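I have placed the structure first, in the form of structure tokens, so that the comments after it can refer back to it.
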Amino acid sequence: MAIKTSELNARLFGKADKRRATTAQEAQKAASEKATVIELSVAGEATVEFELVRVASADVVSRTSVFAENAREQSFLNELALSDILVTLKDRGQQYPAVGRWLEGNKIEVLDGSRRRMSCILANQDFLVYVAKGINSKHAKFLSDVANAHKPLSLFERGKEMQTMLDRGEVLDQKELAKVCQCSEALVSGALKAAALPLPLLQAYPSVGELGRPTIVKLHRLFFSLTDEEQAAFLAKLAESPVWQTVDAAGVSRITREVTLILEQWSDALKPKAAKPEAPSTELVKGRASYRRKGDSLAINLKKMSEEDASAILDFIQSRLA
């Protein structure tokens, strides 16, 4: 379930004990005011000191990276998928700093704020991030997961998490997955289908988060109906350029529909065309005349025709059809 930005920051920066609401509000206020240093409780356990760091726009790519266990697929983050952030970022700058931890070489691993990070890269803006030392993997995962609750994950991203749970034996089947993830079995099925799709196929779309279950099911059927050779040719065509960038349309929804139509056309073109059966031939005069009828069309095959017979037949046809 999506949560508001205010609630998100309260959960990130506040005590896990919700009775201490004052602490959460103060932490949120400090973050919004971009305080230089904040001491925060992570997951209601260790208190950690976070220092506000401004990463120059030219250094964001080289100096920062995203937490490897972040469920959000970074290759999906483009200008259309991030349009909700980019508009505000360009007008008013980064509203809330991201959260990260220090790595060796004075580099920063972003735990919360991968969308803000990519938005700063695309907009050529400085990146604000609260950074701390001594954050263990458990706390890093907590910060990353809570942050992702603000902007719902795509079906592909949710499916990847679900598939991992199945692979690790944490759940037995899709029915148990639905209970653990508190969603319908239909959603679980759609998410797992999405996770089975190759990344280049999903990257053909402007915003993968906008792809609903019907589209995912259609893409799954489309791709896996191809042979291995056809799939390879399909992926090679996808590698030429992002399909959504070639569509002459405005708006994510319209571009998404156009991309789906293009992919369906590509798939159909790769499949061998089934030979249409010819209409049966009927012999009229053995060895000399036969005809084939299909709908309102008539094909006549004549053999051993003299000039006189041919002329008479042609004259008859002309007089009959003229």
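Chain labels follow the order of the structure tokens: the first chain is A, the next B, and so on; residue numbering restarts at 1 in every chain, and ligands are counted from 1 in their shown order.
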Could you write out, as a PyMOL selection string, all the residues of region 58-244 of chain A that DSSP marks as helix (DSSP H, G or I)? chain A and resi 58-63+74-76+83-92+104-106+114-123+137-148+155-167+174-181+185-196+199-202+208-210+213-224+228-238+243-244
Shell around region 255-267 of chain A at 10 Å using only C-alpha atoms, local window under 2 positions removed, as JSON, numbers by chain: {"A": [201, 204, 205, 206, 207, 208, 210, 211, 215, 218, 219, 222, 223, 225, 226, 230, 231, 233, 234, 237, 238, 242, 243, 244, 245, 246, 247, 248, 249, 250, 251, 252, 253, 269, 270, 271]}
DSSP on the backbone: what in region 38-243 of chain A comes out strand (DSSP E), as a PyMOL selection string? chain A and resi 38-41+47-55+64-66+98-103+107-112+127-132
From the set A:Thr64, A:Arg254, A:Ile121, A:Leu77, which residue has the shortest atom-to-atom contact distance to Gly105 (chain A), counting only C-alpha atoms?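 Once distances to Gly105 (chain A) are computed over only C-alpha atoms, the minimum belongs to A:Thr64.
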Non-local contacts of Leu298 (chain A) (12 Å; only C-alpha atoms; under 6 positions in same chain excluded) as number ranges by chain: A: 279-282, 290-292
From the set A:Gly190, A:Pro200, A:Gly93, A:Gly287, which residue has the shortest atom-to-atom contact distance to Ser75 (chain A), counting only C-alpha atoms?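 Closest candidate: A:Pro200.
Taking CA of Thr36 (chain A) as the reference point, CA of Phe127 (chain A) is found at 14.4 Å.
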Set the distance at 10 Å and use only C-alpha atoms: which residues neighbour Gln163 (chain A) once local chain neighbours fewer than 3 positions away are removed? I'd like the list as a list in words.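 Near Gln163 (chain A), the qualifying residues are Glu157, Arg158, Gly159, Lys160, Leu166, Asp167, Arg168, Gly169, Val171, Gln174, Leu177, Val188, Ala191, Leu192, Lys193, Ala195 and Ala196 of chain A.
Pairwise distance (CA of Ala81 (chain A), CA of Thr164 (chain A)) equals 25.0 Å.
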